[in-house]
Each structure stands twice: as C-alpha cells, then as structure tokens.
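Peer 1: Structure file input.tsv, TSV, C-alpha atoms, is pasted below:
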chain	number	residue	atom	x	y	z
L	6	MET	CA	163.92	12.44	89.66
L	7	HIS	CA	167.59	13.08	89.65
L	8	SER	CA	167.97	16.38	91.42
L	9	PHE	CA	166.56	17.61	94.74
L	10	GLY	CA	164.57	20.28	92.95
L	11	TYR	CA	163.00	17.77	90.57
L	12	ARG	CA	161.88	15.48	93.40
L	13	ALA	CA	160.67	18.42	95.50
L	14	ASN	CA	158.59	19.73	92.62
L	15	ALA	CA	157.07	16.32	91.91
L	16	LEU	CA	156.21	15.87	95.58
L	17	LEU	CA	154.66	19.33	95.86
L	18	THR	CA	152.42	19.01	92.81
L	19	PHE	CA	151.33	15.46	93.57
L	20	SER	CA	150.55	16.19	97.21
L	21	LEU	CA	148.51	19.27	96.30
L	22	THR	CA	146.55	17.39	93.65
L	23	ILE	CA	145.74	14.70	96.20
L	24	LEU	CA	144.70	17.38	98.69
L	25	ALA	CA	142.30	18.84	96.13
L	26	LEU	CA	140.79	15.40	95.58
L	27	MET	CA	140.40	14.87	99.33
L	28	CYS	CA	138.55	18.17	99.64
L	29	ALA	CA	136.26	17.30	96.73
L	30	ILE	CA	135.37	13.93	98.29
L	31	ALA	CA	134.85	15.58	101.66
L	32	SER	CA	132.36	17.93	100.04
L	33	LEU	CA	130.61	14.96	98.42
L	34	THR	CA	130.07	13.37	101.83
L	35	ASP	CA	127.84	16.31	102.76
L	36	ASN	CA	125.21	14.86	100.43
L	37	PHE	CA	124.80	11.89	102.77
L	38	ASN	CA	123.64	14.14	105.58
L	39	SER	CA	119.83	14.24	105.87
L	40	PRO	CA	119.12	17.09	108.28
L	41	SER	CA	115.98	17.49	110.39
L	42	PRO	CA	115.87	21.07	111.60
L	43	THR	CA	113.01	22.50	113.66
L	44	ALA	CA	112.03	26.06	114.40
L	45	SER	CA	109.24	28.14	115.83
L	46	VAL	CA	108.72	31.90	115.96
L	47	GLN	CA	106.32	34.00	117.98
L	48	ILE	CA	105.62	37.68	117.70
L	49	LEU	CA	105.73	38.90	121.28
L	50	ASN	CA	104.71	42.47	120.56
L	51	VAL	CA	104.10	44.93	117.79
L	52	ASN	CA	106.04	47.90	119.14
L	53	ARG	CA	105.34	50.43	116.43
L	54	PHE	CA	103.25	50.42	113.28
L	55	GLN	CA	103.22	53.70	111.40
L	56	LYS	CA	103.11	55.16	107.95
L	57	LYS	CA	106.34	57.04	107.31
L	58	SER	CA	106.47	60.48	105.74
L	59	THR	CA	107.48	58.81	102.48
L	60	GLY	CA	104.15	57.01	102.41
L	61	ASP	CA	105.58	53.56	103.19
L	62	ASP	CA	104.44	51.46	106.14
L	63	GLU	CA	106.93	50.49	108.81
L	64	VAL	CA	106.56	47.86	111.56
L	65	ALA	CA	108.76	47.32	114.59
L	66	ILE	CA	108.20	44.02	116.36
L	67	THR	CA	109.70	41.90	119.11
L	68	LEU	CA	110.27	38.29	118.12
L	69	ASP	CA	110.81	35.07	120.05
L	70	ILE	CA	112.84	32.77	117.78
L	71	SER	CA	113.71	29.25	118.85
L	72	ALA	CA	115.27	26.65	116.61
L	73	ASP	CA	117.26	23.44	116.63
L	74	LEU	CA	119.61	23.44	113.62
L	75	GLN	CA	122.14	20.99	115.04
L	76	SER	CA	121.41	18.33	112.41
L	77	LEU	CA	122.64	20.67	109.68
L	78	PHE	CA	126.23	20.46	110.92
L	79	THR	CA	128.64	17.94	109.39
L	80	TRP	CA	132.40	17.43	109.77
L	81	ASN	CA	132.77	19.73	106.78
L	82	THR	CA	130.70	22.63	108.13
L	83	LYS	CA	132.38	25.92	108.89
L	84	GLN	CA	129.31	27.85	110.01
L	85	VAL	CA	125.58	28.16	109.39
L	86	PHE	CA	124.16	31.51	108.35
L	87	VAL	CA	120.52	31.82	109.33
L	88	PHE	CA	118.06	34.62	108.66
L	89	LEU	CA	114.35	35.22	109.24
L	90	ALA	CA	112.35	36.85	106.48
L	91	ALA	CA	108.79	38.13	106.43
L	92	GLU	CA	107.07	37.04	103.23
L	93	TYR	CA	103.79	38.42	101.96
L	94	SER	CA	102.10	39.53	98.76
L	95	THR	CA	100.58	42.90	97.97
L	96	PRO	CA	98.66	44.24	94.99
L	97	LYS	CA	101.87	45.89	93.86
L	98	ASN	CA	104.27	42.93	94.33
L	99	SER	CA	103.31	39.27	94.13
L	100	LEU	CA	106.10	38.43	96.60
L	101	ASN	CA	107.77	40.61	99.17
L	102	GLN	CA	110.62	39.24	101.26
L	103	VAL	CA	111.94	41.40	104.06
L	104	SER	CA	114.83	40.16	106.18
L	105	LEU	CA	114.13	40.92	109.83
L	106	TRP	CA	116.97	39.17	111.64
L	107	ASP	CA	120.06	37.14	110.89
L	108	GLY	CA	122.85	35.41	112.73
L	109	ILE	CA	125.92	33.25	112.27
L	110	ILE	CA	126.15	29.92	114.10
L	111	PRO	CA	129.80	28.88	114.29
L	112	GLU	CA	129.50	25.62	116.25
L	113	LYS	CA	127.04	22.75	116.45
L	114	GLU	CA	126.49	23.42	120.16
L	115	ASP	CA	125.27	26.94	119.40
L	116	ALA	CA	122.75	25.69	116.83
L	117	LYS	CA	120.05	24.97	119.39
L	118	PHE	CA	118.94	28.37	120.56
L	119	SER	CA	116.02	30.44	121.75
L	120	ILE	CA	116.23	34.22	121.67
L	121	LYS	CA	113.98	37.18	122.20
L	122	THR	CA	114.94	40.10	119.99
L	123	LYS	CA	113.62	43.17	118.26
L	124	ASN	CA	113.83	42.99	114.48
L	125	LYS	CA	117.44	43.66	113.53
L	126	TYR	CA	116.55	45.17	110.18
L	127	ARG	CA	113.68	47.51	109.47
L	128	PHE	CA	110.43	46.08	108.21
L	129	ILE	CA	109.38	48.66	105.62
L	130	ASP	CA	106.88	48.02	102.86
L	131	GLN	CA	106.99	49.43	99.35
L	132	GLY	CA	103.78	51.31	99.84
L	133	SER	CA	101.09	51.27	102.44
L	134	ASN	CA	99.87	47.68	102.31
L	135	LEU	CA	100.61	46.26	105.74
L	136	ARG	CA	97.44	46.93	107.72
L	137	GLY	CA	95.74	43.64	108.38
L	138	ARG	CA	98.26	41.88	106.17
L	139	ASP	CA	98.75	38.11	106.51
L	140	PHE	CA	102.36	37.04	106.23
L	141	ASN	CA	104.73	34.09	106.68
L	142	LEU	CA	107.92	34.17	108.67
L	143	THR	CA	110.38	31.99	106.82
L	144	LEU	CA	113.60	30.83	108.42
L	145	HIS	CA	116.34	30.48	105.79
L	146	TRP	CA	119.74	28.90	106.38
L	147	HIS	CA	122.96	28.56	104.43
L	148	VAL	CA	125.23	25.72	105.54
L	149	MET	CA	128.68	27.05	104.68
L	150	PRO	CA	131.26	24.29	104.21
L	151	LYS	CA	134.92	24.23	105.06
L	152	THR	CA	135.41	23.09	101.46
L	153	GLY	CA	133.05	22.56	98.55
L	154	LYS	CA	129.34	23.04	97.98
L	155	MET	CA	127.10	25.25	100.12
L	156	PHE	CA	123.61	23.98	100.89
L	157	ALA	CA	120.70	26.35	101.45
L	158	ASP	CA	117.17	25.57	102.56
L	159	LYS	CA	114.29	27.11	104.46
L	160	LEU	CA	111.37	26.45	106.76
L	161	VAL	CA	108.11	28.33	106.21
L	162	LEU	CA	106.15	29.32	109.31
L	163	PRO	CA	102.78	30.64	108.18
L	164	GLY	CA	99.93	32.24	109.97
L	165	PHE	CA	101.08	35.68	111.12
L	166	ARG	CA	98.98	38.81	110.73
L	167	LEU	CA	99.69	42.47	111.26
L	168	PRO	CA	97.20	44.68	113.14
L	169	GLU	CA	94.33	46.25	111.27
L	170	SER	CA	95.27	49.78	112.25
L	171	TYR	CA	98.35	51.81	113.08
L	172	ARG	CA	99.57	52.05	116.65
J	8	MET	CA	171.20	8.44	93.39
J	9	ASP	CA	171.21	5.90	90.58
J	10	TRP	CA	168.55	5.12	87.97
J	11	GLN	CA	166.86	2.41	90.01
J	12	GLY	CA	166.94	4.73	93.00
J	13	GLN	CA	165.10	7.40	91.07
J	14	LYS	CA	162.39	4.93	90.11
J	15	LEU	CA	162.19	3.78	93.71
J	16	ALA	CA	161.94	7.36	94.96
J	17	GLU	CA	159.04	8.12	92.65
J	18	GLN	CA	157.17	4.94	93.58
J	19	VAL	CA	157.73	5.48	97.29
J	20	MET	CA	156.49	9.05	97.00
J	21	GLN	CA	153.29	8.05	95.19
J	22	ILE	CA	152.48	5.13	97.47
J	23	MET	CA	153.20	7.02	100.69
J	24	LEU	CA	151.13	10.05	99.72
J	25	VAL	CA	148.14	7.99	98.58
J	26	ILE	CA	148.18	5.83	101.69
J	27	PHE	CA	148.46	8.86	103.98
J	28	ALA	CA	145.65	10.57	102.08
J	29	ILE	CA	143.30	7.60	102.40
J	30	GLY	CA	144.23	7.11	106.04
J	31	ALA	CA	143.83	10.81	106.82
J	32	PHE	CA	140.46	11.00	105.09
J	33	LEU	CA	139.01	7.93	106.80
J	34	THR	CA	140.31	8.96	110.20
J	35	GLY	CA	139.01	12.51	109.84
J	36	TYR	CA	135.65	11.35	108.54
J	37	PHE	CA	134.96	8.81	111.28
J	38	MET	CA	136.31	11.09	114.01
J	39	GLY	CA	134.22	13.96	112.60
J	40	SER	CA	137.18	16.31	112.42
J	41	PHE	CA	138.27	18.02	109.22
J	42	GLN	CA	141.26	19.47	111.03
J	43	LEU	CA	142.43	16.02	112.07
J	44	MET	CA	142.39	14.90	108.45
J	45	LEU	CA	144.56	17.86	107.46
J	46	PHE	CA	147.02	17.26	110.30
J	47	ILE	CA	147.48	13.59	109.47
J	48	TYR	CA	147.95	14.39	105.79
J	49	ALA	CA	150.42	17.18	106.55
J	50	GLY	CA	152.39	14.78	108.72
J	51	GLY	CA	152.38	12.31	105.87
J	52	VAL	CA	153.68	14.91	103.43
J	53	ILE	CA	156.52	15.82	105.81
J	54	LEU	CA	157.39	12.14	106.32
J	55	THR	CA	157.41	11.59	102.55
J	56	THR	CA	159.63	14.63	102.09
J	57	LEU	CA	162.15	13.28	104.57
J	58	THR	CA	162.07	9.87	102.86
J	59	ILE	CA	162.59	10.81	99.22
J	60	ILE	CA	164.20	14.23	98.97
J	61	PRO	CA	167.55	13.53	100.63
J	62	ASP	CA	170.00	11.30	98.81
J	63	TRP	CA	169.79	8.29	101.12
J	64	PRO	CA	172.19	5.36	100.60
J	65	PHE	CA	169.40	2.88	99.85
J	66	PHE	CA	168.69	4.83	96.67
J	67	ASN	CA	172.15	3.94	95.43
J	68	HIS	CA	172.21	0.12	95.58
J	69	GLN	CA	172.91	-0.21	91.86
J	70	PRO	CA	175.44	2.53	91.31
J	71	LEU	CA	176.39	3.67	87.85
J	72	LYS	CA	179.61	2.18	86.53
J	73	TRP	CA	181.80	5.04	85.49
J	74	LEU	CA	184.86	4.05	83.45
J	75	GLU	CA	188.22	3.95	85.24
J	76	PRO	CA	190.54	6.76	84.16
J	77	ILE	CA	193.01	4.20	82.69
J	78	ASP	CA	190.23	2.80	80.38
J	79	ALA	CA	189.61	6.25	78.98
J	80	GLU	CA	193.03	6.24	77.38
J	81	LYS	CA	192.19	3.06	75.46
J	82	HIS	CA	189.13	4.72	73.96
J	83	PRO	CA	190.22	8.19	72.92
J	84	LYS	CA	187.75	10.82	71.82
J	85	PRO	CA	187.34	10.87	68.00
J	86	GLU	CA	188.95	13.75	66.09
J	87	VAL	CA	186.70	16.39	64.56
J	88	THR	CA	189.20	18.50	62.55
J	89	GLY	CA	188.68	17.17	58.97
J	90	LEU	CA	184.88	17.19	58.93
J	91	ILE	CA	184.02	20.80	58.13
J	92	SER	CA	186.11	21.02	54.96
J	93	LYS	CA	184.82	17.67	53.68
J	94	LYS	CA	181.17	18.71	54.02
J	95	LYS	CA	180.83	20.16	50.53
J	96	THR	CA	182.54	17.35	48.65
J	97	SER	CA	181.22	14.15	50.23
J	98	LYS	CA	177.58	13.12	49.94
J	99	LYS	CA	176.39	9.95	51.63
Kindly return the structure encoded in the file as structure tokens.

Peer 2:
Amino acid sequence: MHSFGYRANALLTFSLTILALMCAIASLTDNFNSPSPTASVQILNVNRFQKKSTGDDEVAITLDISADLQSLFTWNTKQVFVFLAAEYSTPKNSLNQVSLWDGIIPEKEDAKFSIKTKNKYRFIDQGSNLRGRDFNLTLHWHVMPKTGKMFADKLVLPGFRLPESYR
Amino acid sequence: MDWQGQKLAEQVMQIMLVIFAIGAFLTGYFMGSFQLMLFIYAGGVILTTLTIIPDWPFFNHQPLKWLEPIDAEKHPKPEVTGLISKKKTSKK
C-alpha cells in the first residue's frame, strides 16, 4: 500500500467487489416478495373475422383489459413487461399462443390500469380452425429487475369463444 | 507513509467500505429505493478515497529511521572487485 496507485487500485477493486455483492443480495430479496396480482379481460367486440386469401383465419377484436399488478413491484424492479396471449388448441397444433397486446409498466403507480384497445398484433391462425373455437386469454408478465434475476408468471383467464361463422 | 501507516490505510479502507455498504443496503432496502442505496455507497467510496489515498500525517506516526549521513561513513559499502576472478578457484 505504499504508492498512491497501489492504494487506488486496491480501493477500486474492493469497492467494486462489494458493489457486486450488494447487487446479488438485492436480487435475493426479490424472493421474499409474494405478489397478488389480479386481472380481468372482456372482449367488447369482434370487429372482423375472415378467412384470408392464404387460407388462414384472422380475427380483429376490441379488448377491455383491466389489471392490478402493483404487488409485483419491489425496490429492485425496473419495469414490468406484460402481454396478453390467446391460447387454444386445434387439430393441427396442441397449443397455439398468439400475442394480442403488450405493454411496459415503468412505475408501480402505472401498474393498476384499465384500457380499451384493439388487438395490437394480428390474431392469425395456422389454418382455418377459429370458427366456434374456445380459447383462453392469458396475461403474462415479466418483472424485470434493476439487478439480478427476472421473474415471470401468468394468469389464465378461460372461457372465451369465437363466433361460429365469419363476419 | 510508513509501514504501520500502510497497514492502517488498508484496514481503514476495508472497514469503511464494508460499513458504508451495509449501511447503504439497509437504508435503501427499508426506504424502498435502490437509487438511494447507490448514492450512499458512492458517497462512502468517495469518503474512503479522501481518507486513504492522500499521504496524511497520521499515517506517518512511526516513521522509518534512515541512517544519518555521518553513520554511512562508518559502514562503507563492501568491495566487489576480487569476486569474479576468484569464482573458478574457490568452492565453498
């Protein structure tokens, strides 16, 4: 520790190592958070339901999404990425997941929301299997940390059904 | 700084950084602010830098005793001239 450079180097490496440890422990504290999110989705209207020229079905719908995701936020949360997916099975695929809408929630205050929106991304089937199809709308979220592990979970909202015929 | 000062500087650095880290973490955690934790820790790093990097007088309380110039004459440097030629003949 005799020269300035020696002491400066020791201080730099030790302080950065301690900072890494602090970030690791901060990430560990996220495990103590037991969140209780709620959500509900309604389909306000089926705007269009056609078979495209390629032979695949396409649906355009207007959704009413309301959720309270405030309990997901901790001191170590940078943002929450949330998306709504339609999930259903067809003879061709045992599971189809189509993302209809997503959003980024940067602050805890913004995590309690209720919006009416058309589907942000197109709901197109691989084939022509959507008439009269029962499907779930599943709300997925990714809690993105400021440092450390990302937690992802979902809430399944079952009981939706597409019309029997095109409109 | 002297030898004891170097030891003191290292100990002070380690203790200060660990205490600031623990304090910053607990404060940030209970106040719910990650940014606050980083600010307190950064302040602690700066304070530690100012404490141990410069050559403060309190690091020099047991200064090294260099010989006086007059003593150096009593203990002259040993001569090295004869050694190279003797290398081949003497074996000890």

Peer 1: Between L:Val51, L:Leu135, L:Leu144, L:Met27, which has the minimum distance to Pro96 of chain L (counting only C-alpha atoms)?

Peer 2: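 Using only C-alpha atoms, the shortest distance to Pro96 of chain L belongs to L:Leu135.
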
Peer 1: Which one of J:Leu71, J:Ile22, J:Val52, J:Leu43 sits closest to chain L if you count all atoms listed in the file?

Peer 2: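 With all atoms listed in the file as the atom set, the closest residue is J:Val52.
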
Peer 1: Counting all atoms listed in the file, which residues of chain L sit at most 6 Å from some atom of chain J, and what is each one's closest atom pair with its distance in Å to one decimal, listed by chain and rising residue number, as a tab-separated table?

Peer 2:
residue	atom	partner	partner_atom	distance
L:Met6	CA	J:Gln13	CA	5.4
L:Phe9	CA	J:Ile60	CA	5.9
L:Trp80	CA	J:Gly39	CA	4.8

Peer 1: Using only C-alpha atoms for the distances, tell me which of J:Thr58, J:Gln11, J:Phe27, J:Leu33 is nearest to Ala31 of chain L.

Peer 2: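 Closest residue, counting only C-alpha atoms: J:Leu33.
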
Peer 1: Could you jot down the atom CA of Ser170 of chain L to atom CA of Thr59 of chain L separation for me, Å, one decimal place?

Peer 2: 18.1 Å

Peer 1: Identify, on the basis of all atoms listed in the file, every residue whose closest approach to segment 61-76 of chain L does not exceed 6 Å; exclude the query and any residue fewer than 6 positions from it along the same chain; express the result as a PyMOL selection string.

Peer 2: chain L and resi 40-55+113+116-123+128-133

Peer 1: One decimal, Å: what's the distance from atom CA of Arg12 of chain L over to atom CA of Asn67 of chain J, could you say?

Peer 2: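 Going from atom CA of Arg12 of chain L over to atom CA of Asn67 of chain J, I get 15.6 Å.
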
Peer 1: Would you mind completing segment 53-78 of chain J so that it carries N, CA and C atoms, and writing it out as a tab-separated table (two decimals), keeping the file's coordinate frame?

Peer 2:
chain	number	residue	atom	x	y	z
J	53	ILE	N	155.19	15.56	105.23
J	53	ILE	CA	156.52	15.82	105.81
J	53	ILE	C	157.33	14.53	105.85
J	54	LEU	N	156.68	13.41	106.26
J	54	LEU	CA	157.39	12.14	106.32
J	54	LEU	C	157.88	11.72	104.93
J	55	THR	N	157.02	11.94	103.92
J	55	THR	CA	157.41	11.59	102.55
J	55	THR	C	158.56	12.47	102.09
J	56	THR	N	158.52	13.74	102.46
J	56	THR	CA	159.63	14.63	102.09
J	56	THR	C	160.94	14.13	102.67
J	57	LEU	N	160.91	13.74	103.94
J	57	LEU	CA	162.15	13.28	104.57
J	57	LEU	C	162.62	11.96	103.97
J	58	THR	N	161.70	11.18	103.39
J	58	THR	CA	162.07	9.87	102.86
J	58	THR	C	162.67	9.99	101.46
J	59	ILE	N	162.16	10.88	100.62
J	59	ILE	CA	162.59	10.81	99.22
J	59	ILE	C	163.42	11.99	98.75
J	60	ILE	N	163.41	13.10	99.47
J	60	ILE	CA	164.20	14.23	98.97
J	60	ILE	C	165.71	14.05	99.22
J	61	PRO	N	166.10	13.69	100.45
J	61	PRO	CA	167.55	13.53	100.63
J	61	PRO	C	168.09	12.32	99.89
J	62	ASP	N	169.36	12.34	99.61
J	62	ASP	CA	170.00	11.30	98.81
J	62	ASP	C	170.44	10.16	99.71
J	63	TRP	N	169.46	9.37	100.19
J	63	TRP	CA	169.79	8.29	101.12
J	63	TRP	C	170.60	7.19	100.43
J	64	PRO	N	171.40	6.44	101.21
J	64	PRO	CA	172.19	5.36	100.60
J	64	PRO	C	171.35	4.29	99.93
J	65	PHE	N	170.15	3.98	100.45
J	65	PHE	CA	169.40	2.88	99.85
J	65	PHE	C	168.87	3.23	98.46
J	66	PHE	N	169.03	4.49	98.05
J	66	PHE	CA	168.69	4.83	96.67
J	66	PHE	C	169.84	4.54	95.72
J	67	ASN	N	170.96	4.09	96.25
J	67	ASN	CA	172.15	3.94	95.43
J	67	ASN	C	172.67	2.51	95.47
J	68	HIS	N	171.77	1.51	95.49
J	68	HIS	CA	172.21	0.12	95.58
J	68	HIS	C	172.74	-0.41	94.27
J	69	GLN	N	172.37	0.23	93.14
J	69	GLN	CA	172.91	-0.21	91.86
J	69	GLN	C	173.62	0.98	91.23
J	70	PRO	N	174.79	1.29	91.76
J	70	PRO	CA	175.44	2.53	91.31
J	70	PRO	C	175.90	2.43	89.86
J	71	LEU	N	175.97	3.61	89.24
J	71	LEU	CA	176.39	3.67	87.85
J	71	LEU	C	177.87	3.30	87.76
J	72	LYS	N	178.22	2.56	86.69
J	72	LYS	CA	179.61	2.18	86.53
J	72	LYS	C	180.29	3.20	85.64
J	73	TRP	N	181.00	4.12	86.28
J	73	TRP	CA	181.80	5.04	85.49
J	73	TRP	C	183.09	4.35	85.07
J	74	LEU	N	183.61	4.66	83.89
J	74	LEU	CA	184.86	4.05	83.45
J	74	LEU	C	186.02	4.50	84.34
J	75	GLU	N	187.00	3.56	84.55
J	75	GLU	CA	188.22	3.95	85.24
J	75	GLU	C	189.01	4.92	84.38
J	76	PRO	N	189.76	5.81	84.97
J	76	PRO	CA	190.54	6.76	84.16
J	76	PRO	C	191.47	6.06	83.18
J	77	ILE	N	192.05	4.89	83.57
J	77	ILE	CA	193.01	4.20	82.69
J	77	ILE	C	192.29	3.70	81.44
J	78	ASP	N	190.98	3.27	81.54
J	78	ASP	CA	190.23	2.80	80.38
J	78	ASP	C	189.99	3.91	79.38
